>>> print(open('input23.pdb').read())   # PDB, C-alpha atoms
ATOM      1  CA  MET K   1      86.054  55.658  91.940
ATOM      2  CA  THR K   2      86.526  51.948  92.444
ATOM      3  CA  VAL K   3      90.034  50.740  91.844
ATOM      4  CA  THR K   4      90.078  47.524  89.841
ATOM      5  CA  ALA K   5      93.341  46.472  91.441
ATOM      6  CA  ALA K   6      91.505  45.833  94.698
ATOM      7  CA  SER K   7      89.350  43.149  93.090
ATOM      8  CA  LYS K   8      92.411  41.571  91.508
ATOM      9  CA  THR K   9      94.234  41.194  94.829
ATOM     10  CA  THR K  10      91.269  39.298  96.251
ATOM     11  CA  LYS K  11      91.815  36.827  93.384
ATOM     12  CA  GLN K  12      95.392  36.627  94.697
ATOM     13  CA  GLN K  13      97.015  37.822  91.516
ATOM     14  CA  LYS K  14     100.198  39.880  91.570
ATOM     15  CA  ILE K  15      99.545  43.587  91.380
ATOM     16  CA  THR K  16     101.345  44.914  88.342
ATOM     17  CA  LYS K  17     103.465  47.975  88.559
ATOM     18  CA  GLU K  18     100.829  49.861  86.626
ATOM     19  CA  GLU K  19      98.127  49.082  89.094
ATOM     20  CA  GLU K  20     100.387  49.978  91.973
ATOM     21  CA  LEU K  21     101.001  53.337  90.407
ATOM     22  CA  LEU K  22      97.293  53.844  89.842
ATOM     23  CA  LEU K  23      96.637  52.997  93.488
ATOM     24  CA  GLN K  24      99.240  55.468  94.606
ATOM     25  CA  ASP K  25      97.853  58.032  92.190
ATOM     26  CA  PHE K  26      94.360  57.959  93.559
ATOM     27  CA  SER K  27      95.262  57.610  97.174
ATOM     28  CA  ARG K  28      95.536  60.620  99.402
ATOM     29  CA  ASN K  29      98.383  59.020 101.309
ATOM     30  CA  VAL K  30     101.826  60.371 100.757
ATOM     31  CA  THR K  31     105.070  58.483 100.917
ATOM     32  CA  PHE K  32     107.155  58.673 104.085
ATOM     33  CA  LYS K  33     109.766  60.808 102.353
ATOM     34  CA  SER K  34     107.110  63.212 101.098
ATOM     35  CA  SER K  35     105.575  63.347 104.540
ATOM     36  CA  ILE K  36     108.862  64.310 106.168
ATOM     37  CA  PHE K  37     109.404  66.926 103.493
ATOM     38  CA  PHE K  38     105.970  68.432 104.191
ATOM     39  CA  TYR K  39     106.461  68.472 107.947
ATOM     40  CA  VAL K  40     109.882  70.127 107.713
ATOM     41  CA  ASN K  41     108.563  72.825 105.391
ATOM     42  CA  ALA K  42     105.510  73.393 107.565
ATOM     43  CA  LEU K  43     107.743  73.684 110.636
ATOM     44  CA  ILE K  44     109.943  76.269 108.942
ATOM     45  CA  VAL K  45     107.005  78.351 107.760
ATOM     46  CA  SER K  46     105.345  78.182 111.201
ATOM     47  CA  THR K  47     108.537  79.285 112.932
ATOM     48  CA  ILE K  48     109.208  82.343 110.777
ATOM     49  CA  PRO K  49     106.382  84.563 112.179
ATOM     50  CA  LEU K  50     107.731  83.988 115.705
ATOM     51  CA  TRP K  51     110.507  86.425 114.870
ATOM     52  CA  LEU K  52     107.899  89.049 113.984
ATOM     53  CA  PHE K  53     106.045  88.484 117.225
ATOM     54  CA  TRP K  54     109.284  88.665 119.192
ATOM     55  CA  LYS K  55     110.620  91.872 117.679
ATOM     56  CA  ILE K  56     107.507  93.844 116.820
ATOM     57  CA  HIS K  57     104.851  92.731 119.256
ATOM     58  CA  GLN K  58     107.637  92.437 121.849
ATOM     59  CA  MET K  59     106.880  88.991 123.194
ATOM     60  CA  GLU K  60     109.870  87.735 125.164
ATOM     61  CA  PRO K  61     110.895  84.161 124.187
ATOM     62  CA  LEU K  62     111.553  83.141 127.788
ATOM     63  CA  GLU K  63     108.115  84.238 128.855
ATOM     64  CA  PHE K  64     106.156  82.815 125.928
ATOM     65  CA  GLY K  65     108.413  79.887 124.985
ATOM     66  CA  ILE K  66     106.007  77.124 125.903
ATOM     67  CA  LEU K  67     103.058  78.798 124.190
ATOM     68  CA  TRP K  68     105.161  79.286 121.067
ATOM     69  CA  VAL K  69     106.197  75.638 120.965
ATOM     70  CA  ILE K  70     102.593  74.442 121.358
ATOM     71  CA  MET K  71     101.183  76.792 118.725
ATOM     72  CA  THR K  72     104.053  76.057 116.324
ATOM     73  CA  LEU K  73     103.322  72.330 116.549
ATOM     74  CA  VAL K  74      99.593  72.892 116.009
ATOM     75  CA  SER K  75     100.329  75.159 113.068
ATOM     76  CA  THR K  76     102.844  72.673 111.601
ATOM     77  CA  TRP K  77     100.248  69.917 111.642
ATOM     78  CA  LEU K  78      97.525  72.084 110.077
ATOM     79  CA  VAL K  79      99.827  73.498 107.397
ATOM     80  CA  SER K  80     101.103  70.047 106.386
ATOM     81  CA  PHE K  81      97.475  68.876 106.262
ATOM     82  CA  ALA K  82      96.841  71.732 103.827
ATOM     83  CA  TYR K  83      99.941  70.776 101.805
ATOM     84  CA  ARG K  84      98.757  67.162 101.493
ATOM     85  CA  ASN K  85      95.290  68.135 100.319
ATOM     86  CA  SER K  86      96.534  70.716  97.842
ATOM     87  CA  LYS K  87      99.085  68.303  96.430
ATOM     88  CA  PHE K  88      96.442  65.636  95.889
ATOM     89  CA  VAL K  89      94.183  68.033  94.007
ATOM     90  CA  LEU K  90      96.995  69.375  91.838
ATOM     91  CA  LYS K  91      98.782  66.124  91.034
ATOM     92  CA  HIS K  92      96.328  64.962  88.370
ATOM     93  CA  LYS K  93      96.344  68.317  86.674
ATOM     94  CA  PHE K  94     100.115  68.292  86.481
ATOM     95  CA  ALA K  95     100.079  64.696  85.231
ATOM     96  CA  GLN K  96      97.664  65.634  82.463
ATOM     97  CA  LYS K  97      99.666  68.676  81.507
ATOM     98  CA  ARG K  98     103.031  66.966  81.387
ATOM     99  CA  GLU K  99     101.858  63.708  79.773
ATOM    100  CA  ASP K 100     102.996  64.473  76.232
ATOM    101  CA  ALA K 101     106.343  65.969  77.203
ATOM    102  CA  VAL K 102     107.168  63.077  79.523
ATOM    103  CA  ALA K 103     106.183  60.504  76.885
ATOM    104  CA  ARG K 104     108.420  62.172  74.339
ATOM    105  CA  GLU K 105     111.351  62.272  76.743
ATOM    106  CA  VAL K 106     111.007  58.641  77.799
ATOM    107  CA  LEU K 107     110.696  57.374  74.220
ATOM    108  CA  LYS K 108     113.739  59.434  73.227
ATOM    109  CA  SER K 109     115.769  57.935  76.064
ATOM    110  CA  ILE K 110     115.118  54.354  74.898
ATOM    111  CA  PRO K 111     117.850  53.380  72.403
ATOM    112  CA  ASP K 112     116.466  52.542  68.950
ATOM    113  CA  ASP K 113     118.080  49.145  68.670
ATOM    114  CA  LYS K 114     116.555  47.906  71.904
ATOM    115  CA  LYS K 115     113.253  46.203  71.253
ATOM    116  CA  MET K 116     110.838  46.883  74.068
ATOM    117  CA  PRO K 117     107.264  45.698  74.283
ATOM    118  CA  LYS K 118     104.679  48.508  74.212
ATOM    119  CA  LYS K 119     103.485  47.505  77.657
ATOM    120  CA  GLU K 120     106.894  48.126  79.165
ATOM    121  CA  LYS K 121     107.173  51.474  77.366
ATOM    122  CA  ASP K 122     103.789  52.515  78.691
ATOM    123  CA  GLU K 123     104.776  51.452  82.178
ATOM    124  CA  ARG K 124     107.934  53.513  82.016
ATOM    125  CA  ILE K 125     106.019  56.547  80.765
ATOM    126  CA  LEU K 126     103.438  56.153  83.502
ATOM    127  CA  TRP K 127     106.104  55.815  86.177
ATOM    128  CA  LYS K 128     107.985  58.876  84.946
ATOM    129  CA  LYS K 129     104.756  60.857  84.644
ATOM    130  CA  ASN K 130     103.877  59.943  88.197
ATOM    131  CA  GLU K 131     107.290  61.001  89.441
ATOM    132  CA  VAL K 132     107.193  64.347  87.624
ATOM    133  CA  ALA K 133     103.637  65.084  88.716
ATOM    134  CA  GLU K 134     104.490  64.135  92.293
ATOM    135  CA  PHE K 135     107.451  66.487  92.404
ATOM    136  CA  GLU K 136     105.725  69.416  90.695
ATOM    137  CA  SER K 137     102.523  69.144  92.690
ATOM    138  CA  THR K 138     104.449  68.901  95.978
ATOM    139  CA  SER K 139     106.492  72.005  95.182
ATOM    140  CA  PHE K 140     103.534  74.003  93.979
ATOM    141  CA  ALA K 141     101.358  72.995  96.935
ATOM    142  CA  ILE K 142     104.089  74.127  99.345
ATOM    143  CA  PHE K 143     104.603  77.401  97.473
ATOM    144  CA  TYR K 144     100.925  78.285  97.248
ATOM    145  CA  ASN K 145     100.142  77.429 100.854
ATOM    146  CA  ASN K 146     103.204  79.288 102.153
ATOM    147  CA  THR K 147     102.239  82.501 100.356
ATOM    148  CA  LEU K 148      98.692  82.262 101.671
ATOM    149  CA  TYR K 149      99.859  81.491 105.216
ATOM    150  CA  ILE K 150     102.272  84.443 105.321
ATOM    151  CA  PHE K 151      99.629  86.788 103.966
ATOM    152  CA  LEU K 152      97.037  85.605 106.502
ATOM    153  CA  ILE K 153      99.474  85.928 109.410
ATOM    154  CA  ILE K 154     100.309  89.513 108.432
ATOM    155  CA  LEU K 155      96.633  90.355 107.929
ATOM    156  CA  PHE K 156      95.542  88.924 111.271
ATOM    157  CA  SER K 157      98.379  90.058 113.509
ATOM    158  CA  PHE K 158      98.962  93.562 112.115
ATOM    159  CA  TYR K 159      95.531  94.634 111.008
ATOM    160  CA  LEU K 160      92.593  92.684 112.391
ATOM    161  CA  LEU K 161      93.981  91.799 115.829
ATOM    162  CA  ARG K 162      96.240  94.804 116.196
ATOM    163  CA  SER K 163      94.733  96.170 119.400
ATOM    164  CA  PHE K 164      94.643  92.835 121.211
ATOM    165  CA  ASN K 165      97.022  91.755 123.968
ATOM    166  CA  PRO K 166     100.092  90.102 122.255
ATOM    167  CA  ASN K 167      99.209  86.757 123.836
ATOM    168  CA  PHE K 168      95.755  86.632 122.246
ATOM    169  CA  ASN K 169      97.055  88.234 119.084
ATOM    170  CA  TYR K 170      99.564  85.413 118.626
ATOM    171  CA  ILE K 171      97.205  82.553 119.512
ATOM    172  CA  LEU K 172      94.340  83.822 117.363
ATOM    173  CA  SER K 173      96.529  84.820 114.392
ATOM    174  CA  VAL K 174      98.315  81.491 114.193
ATOM    175  CA  ALA K 175      95.197  79.428 114.859
ATOM    176  CA  SER K 176      93.065  81.381 112.366
ATOM    177  CA  SER K 177      95.697  81.431 109.612
ATOM    178  CA  SER K 178      96.582  77.758 109.794
ATOM    179  CA  GLY K 179      92.933  76.814 110.371
ATOM    180  CA  LEU K 180      91.775  78.799 107.344
ATOM    181  CA  LEU K 181      94.574  77.298 105.285
ATOM    182  CA  ALA K 182      93.528  73.773 106.238
ATOM    183  CA  LEU K 183      89.880  74.588 105.560
ATOM    184  CA  LEU K 184      90.511  76.133 102.153
ATOM    185  CA  SER K 185      92.665  73.199 101.086
ATOM    186  CA  THR K 186      89.784  70.777 101.580
ATOM    187  CA  GLY K 187      87.836  72.495  98.800
ATOM    188  CA  SER K 188      87.501  70.339  95.724
ATOM    189  CA  ARG K 189      88.622  73.055  93.274
TER     190      ARG K 189
ATOM    191  CA  SER D   1     133.380 133.610 119.061
ATOM    192  CA  LEU D   2     133.125 137.369 118.971
ATOM    193  CA  THR D   3     135.321 140.246 120.000
ATOM    194  CA  CYS D   4     134.154 143.798 120.547
ATOM    195  CA  LYS D   5     135.809 146.833 118.986
ATOM    196  CA  ASN D   6     135.925 148.691 122.263
ATOM    197  CA  ALA D   7     137.269 145.546 124.027
ATOM    198  CA  ALA D   8     134.179 145.346 126.212
ATOM    199  CA  LYS D   9     133.897 142.149 128.157
ATOM    200  CA  ASN D  10     131.202 140.512 130.249
ATOM    201  CA  ILE D  11     128.384 142.514 128.743
ATOM    202  CA  ASN D  12     124.773 141.518 129.120
ATOM    203  CA  LEU D  13     123.362 140.192 125.908
ATOM    204  CA  TYR D  14     119.772 139.831 124.860
ATOM    205  CA  ALA D  15     118.437 137.677 122.050
ATOM    206  CA  ASP D  16     115.378 138.076 119.896
ATOM    207  CA  ILE D  17     114.337 134.638 118.737
ATOM    208  CA  ASN D  18     111.207 134.145 116.687
ATOM    209  CA  GLY D  19     109.636 137.213 118.179
ATOM    210  CA  LYS D  20     110.459 136.279 121.768
ATOM    211  CA  THR D  21     113.108 138.232 123.613
ATOM    212  CA  MET D  22     115.182 136.699 126.348
ATOM    213  CA  GLN D  23     118.395 137.337 128.179
ATOM    214  CA  VAL D  24     121.431 135.335 127.189
ATOM    215  CA  THR D  25     122.815 133.462 130.182
ATOM    216  CA  LYS D  26     126.353 134.198 131.131
ATOM    217  CA  SER D  27     128.515 131.584 132.764
ATOM    218  CA  GLU D  28     131.934 132.357 134.045
ATOM    219  CA  ASP D  29     132.863 128.727 134.746
ATOM    220  CA  ASN D  30     132.501 127.655 131.173
ATOM    221  CA  SER D  31     135.372 129.403 129.408
ATOM    222  CA  LYS D  32     134.549 127.970 125.979
ATOM    223  CA  TYR D  33     130.869 128.857 125.851
ATOM    224  CA  GLN D  34     130.481 131.859 128.062
ATOM    225  CA  TYR D  35     127.123 132.910 126.634
ATOM    226  CA  GLN D  36     124.354 130.428 126.091
ATOM    227  CA  VAL D  37     120.823 130.829 124.906
ATOM    228  CA  SER D  38     118.271 128.197 123.955
ATOM    229  CA  PHE D  39     114.747 128.113 122.621
ATOM    230  CA  SER D  40     112.201 125.368 122.358
ATOM    231  CA  ASP D  41     108.637 125.025 121.193
ATOM    232  CA  GLU D  42     106.219 122.414 119.888
ATOM    233  CA  ASN D  43     107.226 120.820 116.576
ATOM    234  CA  LYS D  44     104.343 122.364 114.716
ATOM    235  CA  ASN D  45     105.399 125.862 115.803
ATOM    236  CA  LEU D  46     108.957 125.351 114.623
ATOM    237  CA  PRO D  47     108.809 124.198 111.014
ATOM    238  CA  SER D  48     112.037 123.397 109.202
ATOM    239  CA  GLY D  49     113.916 126.387 107.916
ATOM    240  CA  ARG D  50     116.406 129.078 108.833
ATOM    241  CA  TYR D  51     115.943 131.054 112.003
ATOM    242  CA  ASP D  52     117.621 134.429 112.473
ATOM    243  CA  LEU D  53     118.626 135.052 116.040
ATOM    244  CA  LYS D  54     119.305 138.721 116.641
ATOM    245  CA  PHE D  55     121.464 139.749 119.554
ATOM    246  CA  TYR D  56     121.386 143.102 121.293
ATOM    247  CA  ASP D  57     123.412 144.739 123.984
ATOM    248  CA  GLU D  58     121.750 146.593 126.832
ATOM    249  CA  ASP D  59     121.116 149.792 124.871
ATOM    250  CA  GLY D  60     119.859 147.864 121.885
ATOM    251  CA  TYR D  61     117.540 145.878 124.111
ATOM    252  CA  THR D  62     116.107 149.011 125.647
ATOM    253  CA  ASN D  63     115.484 150.443 122.167
ATOM    254  CA  LEU D  64     113.904 147.189 121.123
ATOM    255  CA  ARG D  65     111.495 147.222 124.055
ATOM    256  CA  LYS D  66     110.591 150.830 123.302
ATOM    257  CA  ALA D  67     109.930 149.960 119.682
ATOM    258  CA  GLN D  68     107.819 146.956 120.630
ATOM    259  CA  ARG D  69     105.754 149.019 123.066
ATOM    260  CA  SER D  70     105.167 151.729 120.511
ATOM    261  CA  GLY D  71     104.245 149.100 117.947
ATOM    262  CA  GLU D  72     107.030 149.890 115.481
ATOM    263  CA  GLY D  73     108.300 146.325 115.302
ATOM    264  CA  ALA D  74     111.673 144.831 116.045
ATOM    265  CA  SER D  75     113.110 145.406 112.556
ATOM    266  CA  SER D  76     113.545 149.103 113.188
ATOM    267  CA  VAL D  77     116.233 148.457 115.811
ATOM    268  CA  ALA D  78     119.637 147.445 114.503
ATOM    269  CA  SER D  79     120.980 144.325 116.174
ATOM    270  CA  LEU D  80     124.518 143.888 117.384
ATOM    271  CA  PHE D  81     124.916 140.758 115.347
ATOM    272  CA  THR D  82     122.772 137.975 113.938
ATOM    273  CA  ILE D  83     123.306 134.232 114.043
ATOM    274  CA  THR D  84     121.416 132.088 111.568
ATOM    275  CA  VAL D  85     120.403 128.640 112.752
ATOM    276  CA  SER D  86     119.296 126.093 110.202
ATOM    277  CA  HIS D  87     116.636 123.702 111.557
ATOM    278  CA  PRO D  88     116.212 120.696 109.299
ATOM    279  CA  GLY D  89     112.889 119.739 110.805
ATOM    280  CA  VAL D  90     111.779 116.547 112.550
ATOM    281  CA  TRP D  91     111.015 113.131 111.070
ATOM    282  CA  LYS D  92     107.288 112.545 111.180
ATOM    283  CA  GLY D  93     107.497 108.796 110.604
ATOM    284  CA  PRO D  94     107.735 106.799 107.391
ATOM    285  CA  MET D  95     105.597 107.900 104.457
ATOM    286  CA  VAL D  96     104.253 104.376 104.059
ATOM    287  CA  GLN D  97     103.751 102.070 107.062
ATOM    288  CA  THR D  98     106.042  99.035 106.934
ATOM    289  CA  GLU D  99     103.234  96.584 107.628
ATOM    290  CA  PHE D 100     101.381  98.000 104.651
ATOM    291  CA  VAL D 101     104.383  97.318 102.415
ATOM    292  CA  ALA D 102     104.701  93.792 103.837
ATOM    293  CA  ALA D 103     100.992  93.084 103.384
ATOM    294  CA  THR D 104     101.050  94.426  99.818
ATOM    295  CA  VAL D 105     104.021  92.290  98.818
ATOM    296  CA  ALA D 106     102.468  89.226 100.497
ATOM    297  CA  ILE D 107      99.142  89.654  98.727
ATOM    298  CA  LEU D 108     100.871  90.247  95.405
ATOM    299  CA  VAL D 109     102.921  87.047  95.680
ATOM    300  CA  TRP D 110      99.827  85.110  96.759
ATOM    301  CA  TYR D 111      97.885  86.522  93.816
ATOM    302  CA  LEU D 112     100.570  85.300  91.398
ATOM    303  CA  ALA D 113     100.383  81.841  92.932
ATOM    304  CA  TYR D 114      96.591  81.927  92.786
ATOM    305  CA  THR D 115      96.475  82.840  89.088
ATOM    306  CA  ALA D 116      98.979  80.093  88.305
ATOM    307  CA  ARG D 117      96.846  77.597  90.180
ATOM    308  CA  SER D 118      93.628  78.753  88.517
ATOM    309  CA  LYS D 119      95.214  78.489  85.088
ATOM    310  CA  LEU D 120      96.362  74.984  85.931
ATOM    311  CA  GLN D 121      92.999  73.855  87.236
ATOM    312  CA  SER D 122      91.047  75.280  84.328
ATOM    313  CA  SER D 123      93.253  73.675  81.673
TER     314      SER D 123
END
>>> encode(input="input23.pdb", output="structure tokens")
Amino acid sequence: MTVTAASKTTKQQKITKEEELLLQDFSRNVTFKSSIFFYVNALIVSTIPLWLFWKIHQMEPLEFGILWVIMTLVSTWLVSFAYRNSKFVLKHKFAQKREDAVAREVLKSIPDDKKMPKKEKDERILWKKNEVAEFESTSFAIFYNNTLYIFLIILFSFYLLRSFNPNFNYILSVASSSGLLALLSTGSR
Amino acid sequence: SLTCKNAAKNINLYADINGKTMQVTKSEDNSKYQYQVSFSDENKNLPSGRYDLKFYDEDGYTNLRKAQRSGEGASSVASLFTITVSHPGVWKGPMVQTEFVAATVAILVWYLAYTARSKLQSS
């Protein structure tokens, strides 16, 4: 989809707030704050299974510390990649769903005596809709991917790779789970 | 603890446990538990339940052996006394494996998330 704002900037006209929002909407890039949020969540979810591997598969932290750090970082990156993709896919759906409710809320919040041009009202609604969709899609993407990650880790390490040496069990479980997660998130549906 | 009517002390005791007869060990050093007997077997041969341990003195033991040899069975010989031991059985492990419970809960939560996402994407 070609973004009309791009052609306007070449004509050196100021990008309106609306166009900026549209740009942000259709871009896969996330804001810095969102990015940090994703990475922190991914780090937490990648660190949790380490406790399982320590206590149940009996991997000593001192012995496997370096391997754990490397695999946790790899997993963090892959999981946050999955979060980003999922969020992008879901954001528009949330925006569509919440459009009416957000519009109603914004119009209610404007005092009656204040005369506002329709354009400004529409801009406000669009901005609020974007904010709501951003928040909801981020949360849902994190939730969905976390549940899938935890399930895959349990499946790989306790069922499929049960008889393997703990070293290989850990590497393959984490790599496969986070890899599958990243792969599945790139699907268009 | 037991005391005999005829004030006999330091007698030899024999126990009949689960069909096996054995002599009860006597220890003079241990004043609290002078007589000790133990039995052990594989778990499957000792299911949970009450076990009657019959004790015999020397004459009783001789009669018991005679009865066993003639095929009459141990019940025909009266025991000196009987101690009942209650064996609660051994724990054979959890009914449901913990990883199965964890996997089930994980898949259930994922399924809820998946249906929510599908509903969202189809609307």
>>> residues_around(input="input23.pdb", residues="Gly89 of chain D", least_positions_apart="6", cutoff="9 Å", atoms="only C-alpha atoms", output="PyMOL selection string")
chain D and resi 43+46-49
>>> resolve_selection(input="input23.pdb", expression="the ChimeraX specification (/D :<7) & /K", output="PyMOL selection string")
chain K and resi 93+144+147-148+150-151+154-155+158
>>> closest_residue(input="input23.pdb", among="D:Val85, D:Ser27, D:Ser75, D:Glu58", to="Phe39 of chain D", atoms="all atoms listed in the file")
D:Val85
>>> closest_residue(input="input23.pdb", among="D:Ala15, D:Leu64, D:Asn45, D:Leu2", to="Lys32 of chain D", atoms="only C-alpha atoms")
D:Leu2
>>> atom_distance(input="input23.pdb", atom1="atom CA of Ile125 of chain K", atom2="atom CA of Lys108 of chain K")
11.2 Å
>>> resolve_selection(input="input23.pdb", expression="the PyMOL selection byres ((chain K and resi 77) around 10)", output="number ranges by chain")
K: 38-39, 42-43, 46, 71-76, 78-83, 178, 182
>>> closest_residue(input="input23.pdb", among="D:Asp41, D:Glu28, D:Asp59, D:Glu72", to="Leu13 of chain D", atoms="all atoms listed in the file")
D:Asp59
>>> residues_near_point(input="input23.pdb", point="(115.1, 132.6, 110.2)", cutoff="8 Å", atoms="all atoms listed in the file", output="MDAnalysis selection string")
chainID D and resid 18 49:53 84:86
>>> residues_around(input="input23.pdb", residues="Ser177 of chain K", least_positions_apart="5", cutoff="7 Å", atoms="all atoms listed in the file", output="list in words")
Tyr149, Leu152 and Ile153 of chain K
>>> resolve_selection(input="input23.pdb", expression="the PyMOL selection byres ((chain K and resi 50) around 12)", output="MDAnalysis selection string")
chainID K and resid 43:49 51:61 64:65 67:69 71:72 75 150 153:154 157 166 169:171 173:174
>>> write_last_selection(input="input23.pdb", atoms="C-alpha atoms", output="mmCIF file, in the frame of the given file")
data_model
loop_
_atom_site.group_PDB
_atom_site.id
_atom_site.type_symbol
_atom_site.label_atom_id
_atom_site.label_comp_id
_atom_site.auth_asym_id
_atom_site.auth_seq_id
_atom_site.Cartn_x
_atom_site.Cartn_y
_atom_site.Cartn_z
ATOM 1 C CA LEU K 43 107.743 73.684 110.636
ATOM 2 C CA ILE K 44 109.943 76.269 108.942
ATOM 3 C CA VAL K 45 107.005 78.351 107.760
ATOM 4 C CA SER K 46 105.345 78.182 111.201
ATOM 5 C CA THR K 47 108.537 79.285 112.932
ATOM 6 C CA ILE K 48 109.208 82.343 110.777
ATOM 7 C CA PRO K 49 106.382 84.563 112.179
ATOM 8 C CA TRP K 51 110.507 86.425 114.870
ATOM 9 C CA LEU K 52 107.899 89.049 113.984
ATOM 10 C CA PHE K 53 106.045 88.484 117.225
ATOM 11 C CA TRP K 54 109.284 88.665 119.192
ATOM 12 C CA LYS K 55 110.620 91.872 117.679
ATOM 13 C CA ILE K 56 107.507 93.844 116.820
ATOM 14 C CA HIS K 57 104.851 92.731 119.256
ATOM 15 C CA GLN K 58 107.637 92.437 121.849
ATOM 16 C CA MET K 59 106.880 88.991 123.194
ATOM 17 C CA GLU K 60 109.870 87.735 125.164
ATOM 18 C CA PRO K 61 110.895 84.161 124.187
ATOM 19 C CA PHE K 64 106.156 82.815 125.928
ATOM 20 C CA GLY K 65 108.413 79.887 124.985
ATOM 21 C CA LEU K 67 103.058 78.798 124.190
ATOM 22 C CA TRP K 68 105.161 79.286 121.067
ATOM 23 C CA VAL K 69 106.197 75.638 120.965
ATOM 24 C CA MET K 71 101.183 76.792 118.725
ATOM 25 C CA THR K 72 104.053 76.057 116.324
ATOM 26 C CA SER K 75 100.329 75.159 113.068
ATOM 27 C CA ILE K 150 102.272 84.443 105.321
ATOM 28 C CA ILE K 153 99.474 85.928 109.410
ATOM 29 C CA ILE K 154 100.309 89.513 108.432
ATOM 30 C CA SER K 157 98.379 90.058 113.509
ATOM 31 C CA PRO K 166 100.092 90.102 122.255
ATOM 32 C CA ASN K 169 97.055 88.234 119.084
ATOM 33 C CA TYR K 170 99.564 85.413 118.626
ATOM 34 C CA ILE K 171 97.205 82.553 119.512
ATOM 35 C CA SER K 173 96.529 84.820 114.392
ATOM 36 C CA VAL K 174 98.315 81.491 114.193
#
>>> residues_near_point(input="input23.pdb", point="(120.2, 139.9, 127.4)", cutoff="12 Å", atoms="all atoms listed in the file", output="count of residues only")
30
>>> closest_residue(input="input23.pdb", among="K:Leu62, K:Ile110, K:Ala133, K:Ile142", to="His92 of chain K", atoms="only C-alpha atoms")
K:Ala133
>>> closest_residue(input="input23.pdb", among="K:Val132, K:Ile70, K:Val106, K:Ala141", to="Ser185 of chain K", atoms="only C-alpha atoms")
K:Ala141
>>> atom_distance(input="input23.pdb", atom1="atom CA of Glu63 of chain K", atom2="atom CA of Phe156 of chain K")
22.1 Å
>>> atom_distance(input="input23.pdb", atom1="atom CA of Ser38 of chain D", atom2="atom CA of Pro88 of chain D")
16.6 Å
>>> axis_aligned_box(input="input23.pdb", around="segment 32-41 of chain K", padding_each_side="4 Å", output="JSON")
{"center_x": 107.7, "center_y": 65.7, "center_z": 104.5, "size_x": 12.3, "size_y": 22.2, "size_z": 14.8}
